[in-house]
Structure formats: structure tokens, C-alpha cells
There are 2 protein chains.
Amino acid sequence: MDRVDWHILEELQADARLSFNELSRRVRLSPPAVAERVRRLQDSGVLTGYHAAVDLERVGRPVRAVVVMDCYGPTCLLRDPDVATWPEVRQLYRVTGQGCSVLMVAVPTMPAFEELIDRLARYGRPSSSMVLADLLPWKPVEPA
Amino acid sequence: MDRVDWHILEELQADARLSFNELSRRVRLSPPAVAERVRRLQDSGVLTGYHAAVDLERVGRPVRAVVVMDCYGPTCLLRDPDVATWPEVRQLYRVTGQGCSVLMVAVPTMPAFEELIDRLARYGRPSSSMVLADLLPWKPVEPA
DNA sequence: GATGAAACAAAGCCGGA
DNA sequence: TCCGGCTTTGTTTCATC
């Protein structure tokens with residue numbers, strides 16, 4: 001993880017479809033050298049994938065919310081692996097504190113949200129905040 | 001946004017570096033036809049970008065937290081556009097409810113987290129939950 | 001560098017208003 | 001007939017050895 005690796009990560013985070021040729025120009029290395037570095041970053045688990053970003057509002061999921069789940073014991077949401085596969089659930093974290101988990105969800109309409117909350121309420125007490133604005137739809141990871 | 005468009009979105013969300021050739025094979029269309037559809041999805045704002053995914057733990061940011069900010073009036077965090085540029089801040093939402101905003105943050109160490117909380121406390125009352133596990137590091141958006 | 005594959009641009013084909 | 005979307009072809013650029 002030297003300076004060039006970070007330069008490569010920076011470029012691929014901004015545009016994952018860059019050709020090795022273009023990438024090699026930007027980081028001032030030969031194309032095979034860049035390809036080899038990218039391969040190493042992949043194999044070492046630093047680069048975990050390349051994903052197209054989709055605008056949730058434009059694909060029918062304009063209603064978003066942060067949901068904190070307060071659950072305990074055998075019905076805890078974290079014991080049901082299916083929840084992570086629900087299409088409404090975009091992120092799912094186990095956290096410390098009062099709630100046991102935090103979900104980011106995206107649904108087409110408020111009625112759909114109401115239905116989702118009902119489904120979540122089977123596991124514990126959900127407390128939700130509607131997202132009014134996403135101030136940071138994307139940003140690259142920087143060197144620590 | 002027909003069935004083929006969704007098939008394209010599905011493939012590009014899973015692997016943004018797919019060539020148009022390979023993509024055209026998977027969706028059973030000619031390469032130029034696929035390229036044209038992708039161009040339209042980009043121009044219409046459905047596809048907002050292609051981003052390499054980086055493992056935060058492996059690049060020196062193993063400590064993550066959800067921070068709910070409770071602030072009000074002229075010192076509210078949402079009035080300072082610089083906050084979104086802090087490298088620790090990975091996501092930033094304006095939300096309804098008690099807190100005015102929710103942040104996802106990632107830092108190298110607990111002392112760095114302590115320092116970040118101090119910086120955030122200038123804007124209002126931060127209340128944070130440490131992330132114990134990310135149960136859903138990535139998943140594609142599905143048709144609503 | 002050299003080879004095979006992929007991207008891009010231009011022109012023609014086909015089905016539905 | 002017109003129009004939008006698809007395929008085919010030829011040329012340039014790219015990936016890989």
C-alpha cells in the first residue's frame with residue numbers, strides 16, 4: 001500500500017470502468033505494472049468489488065429511512081439471516097448502545113414503509129427517522 | 001426501464017468492469033445495443049457512477065460508528081458544508097425526528113474517534129453507536 | 001512489440017405507430 | 001411511411017503474453 005496503490009484506489013473509486021491503459025497514464029506506470037498492482041489489491045482483499053451506482057429515487061425507491069431496532073433475546077432481528085435479503089434493506093449493522101442494530105431502508109411509497117415497519121416490529125421495537133436529504137451520495141475512501 | 005434495462009443494471013451493480021461484449025452476451029443483445037442502453041441509463045441519471053469498493057478495515061479505518069446529531073439553530077452541522085468533506089465521514093443524511101442528521105463515520109482508532117466526537121460536539125449533541133458488524137457490505141438494488 | 005479481443009462509428013434492417 | 005431500436009461491418013484501441 002504505497003502512494004501509487006492509493007492513487008490507483010482513488011482513480012478506481014471515482015471510475016471503476018477505467019481501462020488499464022487510461023489508469024496507467026494517470027498513475028504514470030506501464031499498463032502491465034498497473035494490472036499487476038490491481039490484481040494484488042484484489043487478491044489481498046483491499047479491493048472487494050466494482051459496483052455501478054444506481055439512483056434510488058429514479059428506480060422507484062424514493063422513500064428512505066434510518067431504522068434503529070431495539071430487540072433482545074431469541075426474536076432479535078440479528079438472528080434472522082433472511083432480513084438482510086429483503087430488497088428494502090440497503091444496509092444492516094450490529095451496533096452498541098440501546099438499539100441492537102441499525103438499518104438503512106429504501107421503499108417505493110409511505111404505505112410500503114408502513115408495511116415494512118410492521119414486519120420489523122415482529123423482532124423488536126423499531127424507531128425510524130425518514131431521510132430528508134442524502135448530503136453525501138458518494139465519496140472515495142482516503143488514506144488514513 | 002424494461003426487463004433488459006434491469007438485467008443490465010443487475011449485472012453492472014455486481015461487476016461494474018464487465019466489458020460491453022460480455023454484458024451483451026449475458027443480456028442477449030448485440031454489443032452496440034447494450035452500449036446504447038447503458039448510455040441512456042447514464043444520461044437519464046439512473047446510473048450515477050461506477051465505483052471500486054474498498055475494505056475499510058484493510059485500509060486503516062477499522063473503527064466505525066453511527067452518529068446521530070442533535071443540533072439546532074445557527075450552529076447546526078447541516079449548515080457547515082465542510083463536514084461532508086471530512087475524510088472520516090462516509091455518509092451524511094438529514095433526517096426527521098429528534099436528531100437533525102445521521103452520520104456514518106470510519107476512523108483508524110478509538111482515540112481518533114474520540115477526537116472526531118469532540119469536533120462534532122461543537123455543532124450540537126452527538127450520540128453514537130459503534131458498529132460491531134457490517135451484515136450487508138454490499139447488495140444490488142432490485143426492481144421496486 | 002505482437003496477437004487476439006474489445007470498443008466505437010457508420011450504415012443498413014426490421015417491427016410498430 | 002416514419003421512427004426507434006437492433007444488427008452487421010470496418011477501424012481503432014486495449015489487454016495480455
# chains A, B, ... in the order shown; residues from 1 in each chain; ligands from 1
$ interface_residues --of "chain C" --to "chain B" --cutoff "10 Å" --atoms "only C-alpha atoms (C1' of nucleotides)" --output "PyMOL selection string"
chain C and resi 5-8
$ write_last_selection --atoms "all heavy atoms" --output "compact mmCIF listing (two decimals), in the first residue's frame"
# COMPACT_ATOMS: atom_id res chain seq x y z
P DA C 5 -9.65 -14.12 -29.54
OP1 DA C 5 -10.12 -15.33 -28.85
OP2 DA C 5 -9.96 -13.89 -30.97
O5' DA C 5 -10.16 -12.86 -28.71
C5' DA C 5 -9.72 -12.69 -27.35
C4' DA C 5 -10.10 -11.30 -26.88
O4' DA C 5 -9.35 -10.31 -27.63
C3' DA C 5 -11.58 -10.96 -27.08
O3' DA C 5 -12.08 -10.42 -25.86
C2' DA C 5 -11.58 -9.94 -28.21
C1' DA C 5 -10.22 -9.27 -28.03
N9 DA C 5 -9.66 -8.69 -29.25
C8 DA C 5 -9.41 -9.33 -30.43
N7 DA C 5 -8.89 -8.55 -31.36
C5 DA C 5 -8.80 -7.32 -30.73
C6 DA C 5 -8.32 -6.07 -31.17
N6 DA C 5 -7.83 -5.86 -32.40
N1 DA C 5 -8.37 -5.04 -30.31
C2 DA C 5 -8.86 -5.26 -29.07
N3 DA C 5 -9.33 -6.38 -28.54
C4 DA C 5 -9.27 -7.39 -29.44
P DA C 6 -13.64 -10.18 -25.68
OP1 DA C 6 -13.99 -10.66 -24.33
OP2 DA C 6 -14.35 -10.68 -26.88
O5' DA C 6 -13.71 -8.60 -25.68
C5' DA C 6 -12.83 -7.86 -24.85
C4' DA C 6 -12.86 -6.40 -25.22
O4' DA C 6 -12.21 -6.23 -26.49
C3' DA C 6 -14.27 -5.83 -25.38
O3' DA C 6 -14.40 -4.68 -24.57
C2' DA C 6 -14.38 -5.50 -26.87
C1' DA C 6 -12.93 -5.27 -27.25
N9 DA C 6 -12.63 -5.53 -28.65
C8 DA C 6 -12.81 -6.69 -29.34
N7 DA C 6 -12.44 -6.64 -30.60
C5 DA C 6 -11.97 -5.34 -30.73
C6 DA C 6 -11.42 -4.64 -31.84
N6 DA C 6 -11.26 -5.19 -33.04
N1 DA C 6 -11.05 -3.36 -31.65
C2 DA C 6 -11.22 -2.82 -30.42
N3 DA C 6 -11.72 -3.37 -29.32
C4 DA C 6 -12.08 -4.64 -29.55
P DA C 7 -15.75 -3.89 -24.43
OP1 DA C 7 -15.89 -3.47 -23.02
OP2 DA C 7 -16.79 -4.68 -25.10
O5' DA C 7 -15.47 -2.58 -25.29
C5' DA C 7 -14.54 -1.63 -24.80
C4' DA C 7 -14.33 -0.53 -25.82
O4' DA C 7 -13.97 -1.12 -27.09
C3' DA C 7 -15.57 0.34 -26.08
O3' DA C 7 -15.18 1.70 -26.03
C2' DA C 7 -16.02 -0.09 -27.49
C1' DA C 7 -14.71 -0.52 -28.13
N9 DA C 7 -14.86 -1.54 -29.17
C8 DA C 7 -15.44 -2.77 -29.05
N7 DA C 7 -15.41 -3.49 -30.15
C5 DA C 7 -14.74 -2.67 -31.06
C6 DA C 7 -14.39 -2.85 -32.40
N6 DA C 7 -14.66 -3.97 -33.10
N1 DA C 7 -13.73 -1.84 -33.01
C2 DA C 7 -13.46 -0.73 -32.31
N3 DA C 7 -13.75 -0.45 -31.04
C4 DA C 7 -14.39 -1.47 -30.47
P DC C 8 -16.29 2.84 -26.02
OP1 DC C 8 -15.74 3.95 -25.24
OP2 DC C 8 -17.57 2.20 -25.66
O5' DC C 8 -16.38 3.31 -27.54
C5' DC C 8 -15.19 3.78 -28.19
C4' DC C 8 -15.47 3.99 -29.65
O4' DC C 8 -15.53 2.73 -30.34
C3' DC C 8 -16.80 4.70 -29.95
O3' DC C 8 -16.53 5.87 -30.70
C2' DC C 8 -17.61 3.67 -30.75
C1' DC C 8 -16.50 2.80 -31.35
N1 DC C 8 -16.89 1.40 -31.68
C2 DC C 8 -16.50 0.88 -32.94
O2 DC C 8 -15.87 1.60 -33.70
N3 DC C 8 -16.84 -0.40 -33.25
C4 DC C 8 -17.52 -1.14 -32.38
N4 DC C 8 -17.81 -2.40 -32.73
C5 DC C 8 -17.92 -0.63 -31.10
C6 DC C 8 -17.58 0.63 -30.80
$ calpha_fit_rmsd --fixed "chain A" --moving "chain B"
0.1 Å
$ interface_residues --of "chain B" --to "chain A" --cutoff "8 Å" --atoms "only C-alpha atoms" --output "number ranges by chain"
B: 9, 12-17, 45-56, 58-61, 65, 84, 87, 90-97, 107-108, 129-139, 141-144
$ interface_residues --of "chain B" --to "chain D" --cutoff "10 Å" --atoms "only C-alpha atoms (C1' of nucleotides)" --output "list in words"
Leu29, Ser30, Pro31, Pro32, Ala33, Val34, Glu36 and Arg37 of chain B
$ write_last_selection --atoms "N, CA, C and O atoms" --output "CSV table (one decimal), in the first residue's frame"
chain,number,residue,atom,x,y,z
B,29,LEU,N,-28.0,-9.5,-26.3
B,29,LEU,CA,-28.2,-8.3,-27.2
B,29,LEU,C,-26.8,-8.1,-27.9
B,29,LEU,O,-25.8,-8.6,-27.4
B,30,SER,N,-26.8,-7.3,-29.0
B,30,SER,CA,-25.5,-7.0,-29.6
B,30,SER,C,-24.8,-6.0,-28.8
B,30,SER,O,-25.4,-5.2,-28.0
B,31,PRO,N,-23.5,-6.0,-28.9
B,31,PRO,CA,-22.7,-5.0,-28.1
B,31,PRO,C,-23.1,-3.6,-28.3
B,31,PRO,O,-23.3,-2.8,-27.3
B,32,PRO,N,-23.3,-3.1,-29.5
B,32,PRO,CA,-23.7,-1.7,-29.6
B,32,PRO,C,-25.1,-1.4,-29.0
B,32,PRO,O,-25.3,-0.3,-28.4
B,33,ALA,N,-26.0,-2.4,-29.1
B,33,ALA,CA,-27.3,-2.2,-28.5
B,33,ALA,C,-27.2,-2.0,-26.9
B,33,ALA,O,-27.8,-1.1,-26.3
B,34,VAL,N,-26.3,-2.8,-26.3
B,34,VAL,CA,-26.1,-2.7,-24.9
B,34,VAL,C,-25.4,-1.4,-24.6
B,34,VAL,O,-25.9,-0.7,-23.6
B,36,GLU,N,-25.6,1.4,-26.1
B,36,GLU,CA,-26.6,2.5,-26.2
B,36,GLU,C,-27.5,2.5,-25.0
B,36,GLU,O,-27.8,3.6,-24.5
B,37,ARG,N,-28.0,1.3,-24.6
B,37,ARG,CA,-28.8,1.3,-23.4
B,37,ARG,C,-28.1,1.8,-22.1
B,37,ARG,O,-28.6,2.6,-21.3
$ select_by_dssp --residues "chain A" --states "helix (DSSP H, G or I)" --output "PyMOL selection string"
chain A and resi 3-14+20-27+31-43+57-59+73-75+77-79+81-85+110-121
$ select_by_dssp --residues "segment 30-119 of chain A" --states "strand (DSSP E)" --output "count of residues only"
30
$ atom_distance --atom1 "atom CA of Val68 of chain A" --atom2 "atom CA of Met110 of chain B"
22.9 Å
